[in-house]
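Enquirer: Structure in structure tokens, see below.
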Amino acid sequence: MTDPWSILESEVRELVRRRGIDPMRDSESVRRLVATAAAEYEERSARGLVPPLGDMDAAVKFVCDAVVGFGPLQSLLDDPEIEEVWINEPGKVFAGRHGRPELTTVLLDAAQVRDLVERMLVTSGRRLDLSSPFVDAALPGGERLHVVIPEITREHWAVNIRKYLVRARSLDDLVSRGSLTPQAARVVDACVKAGLNVLVSGGTQAGKTTMLAALCGSIPATERVVTVEEVFELSLARHDVVAMQTRQPNLEGTGEIPLRRLVKESLRMRPDRIVVGEVREAEAFDLLVALNAGLPGAATLHANSAREAVTKLCTLPLLAGENVTTDFTVPTVASCVDLVIHVDLDHTGRRTVREIVHVTGRVEGGVVEISRLFERPGDALTRANGHMAHDPRFDRAGIDISALLGAA
């Protein structure tokens, strides 16, 4: 930070305070104010009253980032190649680019980190204190913020900002990026159009949300879609969509709205299809109940493979209560879930579809049977030896799934 830029920033902050402008809600007014203040500063600099700014454009951006944006982190958030930013301690700010981490040159102090987090939470309505040392919130730009504070962490505030980069709005976009083959995309597109239930599995940052958004692009435009998420990440380009997110408890410890409650509420909103951002806990039971009632849906799940995703979905509903047993969950998963798409982040940072399996509906020895449609034994996604049984939903949609799958 150079002294002239600091002077200009102080002057702009004073003007903002005097005029009663809210920088978070009226950023354009602040940007115009910064441009005007910078021009006036340059006039005074020409008369020798203040030190020169040097690079005028850089000075204006610095002040705008400091007053309207998130200071030193704003340049990282503006970089379209950066997918994630995280802070382990003030002197260690990392960025994820193309799936790979890198240590940035940004240096902060503890007070700056706390100030930045407080500014990020202003518009979210969520809080962070000793009684609630975790926070999960959405930033105005759509980024997802997660913060943990001491004494949960050893010493420093741990901050993670995940940017949702809209790189795929349809399955064709994934084909062009090499994540899917044209044949696999046609099969998945047909399954979504026919109303089959799809589960997207994968590890952290493997591209589950991107795949889910691409799947939503295949939902017929006439359908009403209700999305349920912990924090808003999906942004569907549809004319009939309702998006809901969870809410943390207030200072009195009441008012919390968990994901499970939202899944239940979504069923009262006349949905043609529900989309759950991520299934983690007991909400898996409510999702199974909804799918078992014939309502098409899609969701994501953390798992290491498609097989493990199916197994996990059989287990998570048991968290809903002691009266829920595998006698219900296993056959329900077998009859409700139709397709599992497993995505993967490889060692080079490339996100690909690792396998696509069909849940046949049969259970053998308490294990849900799956049929592999596509798999990636090497670098290419290839047709496996599995098939899909006749399903009347394809007939109603006028789709010949056997022709799309072709020979194994």
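We label chains A, B, ... in the order they appear in the structure tokens, count residues from 1 in each chain, and number ligands from 1 in the order shown.
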Going by DSSP on the backbone, which residues of range 191-244 of chain A come out as alpha helix (DSSP H)? List them as a PyMOL selection string.
Expert: chain A and resi 191-194+208-216
Enquirer: Kindly export the residues of the current selection with C-alpha atoms, as a PDB file, in the first residue's frame.
Expert:
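Writing done, so here's part.pdb:
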ATOM      1  CA  CYS A 191     -32.466 -40.099 -18.546  1.00  0.00           C
ATOM      2  CA  VAL A 192     -33.065 -36.589 -17.206  1.00  0.00           C
ATOM      3  CA  LYS A 193     -35.696 -35.789 -19.829  1.00  0.00           C
ATOM      4  CA  ALA A 194     -37.521 -39.049 -19.055  1.00  0.00           C
ATOM      5  CA  LYS A 208     -20.382 -32.228  -8.486  1.00  0.00           C
ATOM      6  CA  THR A 209     -22.234 -28.904  -8.491  1.00  0.00           C
ATOM      7  CA  THR A 210     -21.129 -28.187 -12.048  1.00  0.00           C
ATOM      8  CA  MET A 211     -22.441 -31.578 -13.158  1.00  0.00           C
ATOM      9  CA  LEU A 212     -25.707 -31.002 -11.279  1.00  0.00           C
ATOM     10  CA  ALA A 213     -26.177 -27.647 -13.004  1.00  0.00           C
ATOM     11  CA  ALA A 214     -25.505 -29.258 -16.386  1.00  0.00           C
ATOM     12  CA  LEU A 215     -28.088 -31.957 -15.635  1.00  0.00           C
ATOM     13  CA  CYS A 216     -30.638 -29.279 -14.793  1.00  0.00           C
TER      14      CYS A 216
END
Enquirer: I want to know what sits within 6 Å of range 55-72 of chain A, based on only C-alpha atoms, with residues of the same chain fewer than 6 positions away left out; could you give that as a list of chain:residue names?
Expert: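 In the requested form, the answer reads A:Trp5, A:Glu9, A:Pro23, A:Ser27.
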Enquirer: For all heavy atoms, I'd like the residues from the last selection saved as a tab-separated table (two decimals), in the first residue's frame.
Expert:
chain	number	residue	atom	x	y	z
A	5	TRP	N	-2.10	6.40	-2.23
A	5	TRP	CA	-3.32	5.59	-2.36
A	5	TRP	C	-4.05	5.52	-1.01
A	5	TRP	O	-5.28	5.52	-0.96
A	5	TRP	CB	-2.97	4.18	-2.83
A	5	TRP	CG	-2.43	4.14	-4.23
A	5	TRP	CD1	-2.14	5.21	-5.03
A	5	TRP	CD2	-2.11	2.97	-4.99
A	5	TRP	NE1	-1.66	4.79	-6.25
A	5	TRP	CE2	-1.64	3.41	-6.26
A	5	TRP	CE3	-2.17	1.62	-4.74
A	5	TRP	CZ2	-1.24	2.54	-7.24
A	5	TRP	CZ3	-1.77	0.73	-5.72
A	5	TRP	CH2	-1.31	1.18	-6.96
A	9	GLU	N	-7.82	6.70	-0.29
A	9	GLU	CA	-8.78	5.80	0.34
A	9	GLU	C	-9.44	6.45	1.55
A	9	GLU	O	-10.66	6.37	1.74
A	9	GLU	CB	-8.08	4.51	0.78
A	9	GLU	CG	-9.02	3.53	1.46
A	9	GLU	CD	-8.28	2.35	2.08
A	9	GLU	OE1	-7.11	2.13	1.72
A	9	GLU	OE2	-8.89	1.66	2.92
A	23	PRO	N	-21.74	1.03	0.94
A	23	PRO	CA	-20.88	0.49	-0.12
A	23	PRO	C	-21.31	-0.90	-0.61
A	23	PRO	O	-21.12	-1.23	-1.77
A	23	PRO	CB	-19.49	0.44	0.54
A	23	PRO	CG	-19.56	1.41	1.67
A	23	PRO	CD	-20.98	1.34	2.15
A	27	SER	N	-22.79	-0.05	-4.74
A	27	SER	CA	-21.39	-0.03	-5.15
A	27	SER	C	-21.13	0.91	-6.31
A	27	SER	O	-20.06	1.53	-6.40
A	27	SER	CB	-20.93	-1.44	-5.50
A	27	SER	OG	-21.71	-1.97	-6.57
Enquirer: At a cut-off of 12 Å, using only C-alpha atoms, what residues contact range 374-390 of chain A? Leave out same-chain residues fewer than 6 positions from it and give the result as a PyMOL selection string.
Expert: chain A and resi 175+178-185+187-188+191+196+305-306+338-344+346+348+350-362+396+399-408
Enquirer: Can you list, as a tab-separated table (two decimals) with all heavy atoms, in the first residue's frame, every protein, DNA or RNA residue that comes within 9 Å of Asp240 in chain A when you count only C-alpha atoms, leaving out same-chain residues fewer than 4 positions away?
Expert:
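Generated output (result00.tsv):
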chain	number	residue	atom	x	y	z
A	221	ALA	N	-38.39	-27.55	-20.13
A	221	ALA	CA	-38.70	-26.18	-19.72
A	221	ALA	C	-40.08	-26.04	-19.11
A	221	ALA	O	-40.37	-25.06	-18.42
A	221	ALA	CB	-38.55	-25.24	-20.91
A	222	THR	N	-40.96	-27.00	-19.36
A	222	THR	CA	-42.33	-26.91	-18.83
A	222	THR	C	-42.42	-27.33	-17.37
A	222	THR	O	-43.46	-27.16	-16.75
A	222	THR	CB	-43.26	-27.82	-19.65
A	222	THR	OG1	-42.73	-29.16	-19.65
A	222	THR	CG2	-43.37	-27.32	-21.09
A	223	GLU	N	-41.35	-27.86	-16.81
A	223	GLU	CA	-41.39	-28.37	-15.44
A	223	GLU	C	-41.05	-27.28	-14.42
A	223	GLU	O	-40.23	-26.40	-14.67
A	223	GLU	CB	-40.42	-29.54	-15.27
A	223	GLU	CG	-40.83	-30.78	-16.04
A	223	GLU	CD	-39.98	-31.97	-15.67
A	223	GLU	OE1	-39.20	-31.88	-14.69
A	223	GLU	OE2	-40.08	-33.01	-16.35
A	224	ARG	N	-41.69	-27.38	-13.26
A	224	ARG	CA	-41.41	-26.48	-12.14
A	224	ARG	C	-40.36	-27.16	-11.26
A	224	ARG	O	-40.55	-28.29	-10.80
A	224	ARG	CB	-42.68	-26.22	-11.34
A	224	ARG	CG	-42.48	-25.41	-10.06
A	224	ARG	CD	-43.83	-25.12	-9.41
A	224	ARG	NE	-43.72	-24.54	-8.10
A	224	ARG	CZ	-43.51	-23.25	-7.86
A	224	ARG	NH1	-43.37	-22.41	-8.88
A	224	ARG	NH2	-43.45	-22.78	-6.63
A	225	VAL	N	-39.27	-26.45	-11.02
A	225	VAL	CA	-38.14	-27.02	-10.29
A	225	VAL	C	-37.97	-26.30	-8.95
A	225	VAL	O	-38.02	-25.07	-8.90
A	225	VAL	CB	-36.83	-26.92	-11.10
A	225	VAL	CG1	-35.66	-27.51	-10.34
A	225	VAL	CG2	-36.99	-27.61	-12.45
A	226	VAL	N	-37.78	-27.07	-7.89
A	226	VAL	CA	-37.48	-26.50	-6.57
A	226	VAL	C	-36.09	-26.99	-6.17
A	226	VAL	O	-35.84	-28.20	-6.13
A	226	VAL	CB	-38.51	-26.92	-5.52
A	226	VAL	CG1	-38.13	-26.34	-4.15
A	226	VAL	CG2	-39.91	-26.45	-5.91
Enquirer: To one decimal in Å, tell me the separation between CA of Leu171 in chain A and CA of His146 in chain A.
Expert: 29.2 Å
Enquirer: Please provide the set of residues having any atom within 12 Å of Ala334 in chain A, restricted to only C-alpha atoms, with same-chain residues fewer than 5 positions apart removed, written as a ChimeraX atom specification.
Expert: /A:197,288,291-292,310-311,313-314,326-329,339-340,358-364,366-371
Enquirer: Would you mind exporting the chosen residues as an mmCIF file, in the first residue's frame, restricted to N, CA and C atoms?
Expert:
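What ended up in selection15.cif:
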data_model
loop_
_atom_site.group_PDB
_atom_site.id
_atom_site.type_symbol
_atom_site.label_atom_id
_atom_site.label_comp_id
_atom_site.auth_asym_id
_atom_site.auth_seq_id
_atom_site.Cartn_x
_atom_site.Cartn_y
_atom_site.Cartn_z
ATOM 1 N N ASN A 197 -34.269 -40.555 -11.713
ATOM 2 C CA ASN A 197 -33.616 -39.934 -10.567
ATOM 3 C C ASN A 197 -32.108 -40.135 -10.660
ATOM 4 N N LEU A 288 -35.434 -39.722 0.008
ATOM 5 C CA LEU A 288 -35.900 -41.036 -0.435
ATOM 6 C C LEU A 288 -37.420 -41.130 -0.393
ATOM 7 N N LEU A 291 -38.691 -39.266 -3.451
ATOM 8 C CA LEU A 291 -38.460 -40.008 -4.688
ATOM 9 C C LEU A 291 -39.333 -41.259 -4.748
ATOM 10 N N ASN A 292 -39.588 -41.843 -3.597
ATOM 11 C CA ASN A 292 -40.417 -43.035 -3.539
ATOM 12 C C ASN A 292 -41.874 -42.733 -3.867
ATOM 13 N N VAL A 310 -23.976 -45.338 -3.651
ATOM 14 C CA VAL A 310 -25.206 -46.098 -3.425
ATOM 15 C C VAL A 310 -25.235 -46.642 -1.999
ATOM 16 N N THR A 311 -24.113 -47.178 -1.550
ATOM 17 C CA THR A 311 -24.027 -47.706 -0.182
ATOM 18 C C THR A 311 -24.254 -46.607 0.846
ATOM 19 N N LEU A 313 -25.920 -43.808 0.453
ATOM 20 C CA LEU A 313 -27.309 -43.369 0.434
ATOM 21 C C LEU A 313 -28.209 -44.368 1.157
ATOM 22 N N CYS A 314 -27.796 -45.600 1.256
ATOM 23 C CA CYS A 314 -28.543 -46.596 2.037
ATOM 24 C C CYS A 314 -28.317 -46.409 3.530
ATOM 25 N N THR A 326 -32.421 -50.616 7.642
ATOM 26 C CA THR A 326 -31.995 -50.980 6.288
ATOM 27 C C THR A 326 -33.080 -51.762 5.548
ATOM 28 N N ASP A 327 -34.044 -52.324 6.310
ATOM 29 C CA ASP A 327 -35.151 -53.006 5.646
ATOM 30 C C ASP A 327 -35.952 -52.039 4.778
ATOM 31 N N PHE A 328 -35.907 -50.748 5.140
ATOM 32 C CA PHE A 328 -36.565 -49.721 4.329
ATOM 33 C C PHE A 328 -35.593 -49.078 3.342
ATOM 34 N N THR A 329 -34.408 -48.717 3.823
ATOM 35 C CA THR A 329 -33.511 -47.902 2.999
ATOM 36 C C THR A 329 -32.970 -48.650 1.786
ATOM 37 N N LEU A 339 -29.801 -43.588 -11.731
ATOM 38 C CA LEU A 339 -28.506 -43.353 -12.374
ATOM 39 C C LEU A 339 -27.559 -42.693 -11.372
ATOM 40 N N VAL A 340 -26.316 -43.132 -11.360
ATOM 41 C CA VAL A 340 -25.277 -42.517 -10.539
ATOM 42 C C VAL A 340 -24.133 -42.094 -11.449
ATOM 43 N N HIS A 358 -26.054 -47.633 -13.739
ATOM 44 C CA HIS A 358 -27.510 -47.732 -13.643
ATOM 45 C C HIS A 358 -27.858 -48.628 -12.462
ATOM 46 N N VAL A 359 -28.757 -48.160 -11.611
ATOM 47 C CA VAL A 359 -29.231 -48.963 -10.489
ATOM 48 C C VAL A 359 -30.391 -49.808 -11.008
ATOM 49 N N THR A 360 -30.218 -51.081 -11.021
ATOM 50 C CA THR A 360 -31.156 -51.971 -11.704
ATOM 51 C C THR A 360 -32.479 -52.159 -10.967
ATOM 52 N N GLY A 361 -32.481 -51.895 -9.656
ATOM 53 C CA GLY A 361 -33.698 -52.106 -8.875
ATOM 54 C C GLY A 361 -33.689 -53.418 -8.110
ATOM 55 N N ARG A 362 -32.676 -54.233 -8.336
ATOM 56 C CA ARG A 362 -32.594 -55.526 -7.651
ATOM 57 C C ARG A 362 -31.636 -55.438 -6.461
ATOM 58 N N VAL A 363 -31.922 -56.272 -5.453
ATOM 59 C CA VAL A 363 -31.089 -56.359 -4.248
ATOM 60 C C VAL A 363 -30.709 -57.813 -4.038
ATOM 61 N N GLU A 364 -29.423 -58.046 -3.887
ATOM 62 C CA GLU A 364 -28.923 -59.401 -3.650
ATOM 63 C C GLU A 364 -28.099 -59.405 -2.364
ATOM 64 N N GLY A 366 -28.679 -58.057 0.492
ATOM 65 C CA GLY A 366 -28.621 -56.745 1.126
ATOM 66 C C GLY A 366 -27.794 -55.729 0.375
ATOM 67 N N VAL A 367 -27.340 -56.072 -0.838
ATOM 68 C CA VAL A 367 -26.520 -55.163 -1.644
ATOM 69 C C VAL A 367 -27.304 -54.764 -2.887
ATOM 70 N N VAL A 368 -27.377 -53.466 -3.124
ATOM 71 C CA VAL A 368 -28.084 -52.951 -4.290
ATOM 72 C C VAL A 368 -27.266 -53.251 -5.544
ATOM 73 N N GLU A 369 -27.904 -53.830 -6.526
ATOM 74 C CA GLU A 369 -27.211 -54.204 -7.761
ATOM 75 C C GLU A 369 -27.088 -53.002 -8.682
ATOM 76 N N ILE A 370 -25.913 -52.854 -9.296
ATOM 77 C CA ILE A 370 -25.691 -51.781 -10.261
ATOM 78 C C ILE A 370 -25.180 -52.377 -11.562
ATOM 79 N N SER A 371 -25.388 -51.627 -12.644
ATOM 80 C CA SER A 371 -24.929 -52.041 -13.963
ATOM 81 C C SER A 371 -24.111 -50.898 -14.553
#
Enquirer: With only C-alpha atoms as the basis for distance, which of A:Gly141, A:Gly125, A:Pro101, A:Pro80 is at the shortest distance from Asn250 in chain A?
Expert: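 Of A:Gly141, A:Gly125, A:Pro101, A:Pro80, the one nearest Asn250 in chain A, counting only C-alpha atoms, is A:Gly125.
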Enquirer: When distances are computed from only C-alpha atoms, which of A:Arg247, A:Arg114, A:Arg261, A:Arg97 shows the smallest separation from Asp136 in chain A?
Expert: A:Arg247
Enquirer: Out of range 139-313 of chain A, which residues get strand (DSSP E) from DSSP, as an MDAnalysis selection string?
Expert: chainID A and resid 144:148 158:162 198:202 225:229 241:245 273:276 297:302
Enquirer: Okay, now the selection with C-alpha atoms, as a PDB file, in the first residue's frame?
Expert:
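Below is the file result_14.pdb, written as the result:
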ATOM      1  CA  ARG A 144     -19.456 -19.602  -0.836  1.00  0.00           C
ATOM      2  CA  LEU A 145     -17.764 -18.551   2.405  1.00  0.00           C
ATOM      3  CA  HIS A 146     -16.810 -20.884   5.235  1.00  0.00           C
ATOM      4  CA  VAL A 147     -15.004 -19.642   8.357  1.00  0.00           C
ATOM      5  CA  VAL A 148     -13.824 -21.359  11.539  1.00  0.00           C
ATOM      6  CA  ALA A 158      -9.463 -20.346   8.880  1.00  0.00           C
ATOM      7  CA  VAL A 159     -11.237 -18.838   5.888  1.00  0.00           C
ATOM      8  CA  ASN A 160     -12.343 -20.593   2.716  1.00  0.00           C
ATOM      9  CA  ILE A 161     -14.004 -18.858  -0.239  1.00  0.00           C
ATOM     10  CA  ARG A 162     -15.236 -21.167  -2.970  1.00  0.00           C
ATOM     11  CA  VAL A 198     -29.930 -39.062 -10.789  1.00  0.00           C
ATOM     12  CA  LEU A 199     -27.284 -39.035  -8.068  1.00  0.00           C
ATOM     13  CA  VAL A 200     -23.988 -37.214  -8.677  1.00  0.00           C
ATOM     14  CA  SER A 201     -21.108 -38.444  -6.519  1.00  0.00           C
ATOM     15  CA  GLY A 202     -17.502 -37.407  -6.122  1.00  0.00           C
ATOM     16  CA  VAL A 225     -38.140 -27.025 -10.288  1.00  0.00           C
ATOM     17  CA  VAL A 226     -37.476 -26.502  -6.571  1.00  0.00           C
ATOM     18  CA  THR A 227     -33.819 -26.408  -5.484  1.00  0.00           C
ATOM     19  CA  VAL A 228     -32.679 -26.963  -1.903  1.00  0.00           C
ATOM     20  CA  GLU A 229     -29.148 -26.071  -0.775  1.00  0.00           C
ATOM     21  CA  VAL A 241     -37.713 -22.310 -10.416  1.00  0.00           C
ATOM     22  CA  VAL A 242     -37.790 -21.751  -6.648  1.00  0.00           C
ATOM     23  CA  ALA A 243     -34.465 -21.743  -4.794  1.00  0.00           C
ATOM     24  CA  MET A 244     -34.195 -22.244  -1.033  1.00  0.00           C
ATOM     25  CA  GLN A 245     -31.250 -22.334   1.370  1.00  0.00           C
ATOM     26  CA  ARG A 273     -38.759 -32.013  -9.850  1.00  0.00           C
ATOM     27  CA  ILE A 274     -36.603 -31.338  -6.803  1.00  0.00           C
ATOM     28  CA  VAL A 275     -32.854 -30.753  -6.796  1.00  0.00           C
ATOM     29  CA  VAL A 276     -30.872 -31.100  -3.556  1.00  0.00           C
ATOM     30  CA  GLY A 297     -35.134 -35.549  -8.441  1.00  0.00           C
ATOM     31  CA  ALA A 298     -31.382 -35.096  -8.467  1.00  0.00           C
ATOM     32  CA  ALA A 299     -28.800 -34.637  -5.745  1.00  0.00           C
ATOM     33  CA  THR A 300     -25.080 -34.738  -5.025  1.00  0.00           C
ATOM     34  CA  LEU A 301     -23.233 -36.860  -2.489  1.00  0.00           C
ATOM     35  CA  HIS A 302     -19.645 -37.160  -1.300  1.00  0.00           C
TER      36      HIS A 302
END
Enquirer: Out of A:Gln248, A:Arg238, A:Leu53, A:Glu84, which residue has the shortest atom-to-atom distance to Pro133 in chain A when counting only C-alpha atoms?
Expert: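 Selected residue with least distance to Pro133 in chain A: A:Gln248.
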Enquirer: If you measure from CA of Pro331 in chain A to CA of Ala206 in chain A, what distance in Å do you get, rounded to one decimal?
Expert: 28.6 Å
Enquirer: Pick out the closest residue to Pro220 in chain A from this set: A:Leu174, A:Val16, A:Ala397, A:Ala293. Count only C-alpha atoms.
Expert: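 Ranking A:Leu174, A:Val16, A:Ala397, A:Ala293 by distance to Pro220 in chain A, first place goes to A:Ala397.
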Enquirer: What separation in Å, quoted to one decimal, exists between CA of Gly91 in chain A and CA of Leu73 in chain A?
Expert: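 That distance, rounded to one decimal, is 12.7 Å.
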Enquirer: Counting only C-alpha atoms, which residue out of A:Ser10, A:Ser124, A:Ser132, A:Thr332 sits closest to Ala284 in chain A?
Expert: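 Residue with the minimum atom-to-atom distance to Ala284 in chain A: A:Thr332.
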Enquirer: Find the residue from A:Val263, A:Val117, A:Ala237, A:Leu33 that sits nearest to Glu14 in chain A; use only C-alpha atoms when measuring.
Expert: A:Leu33
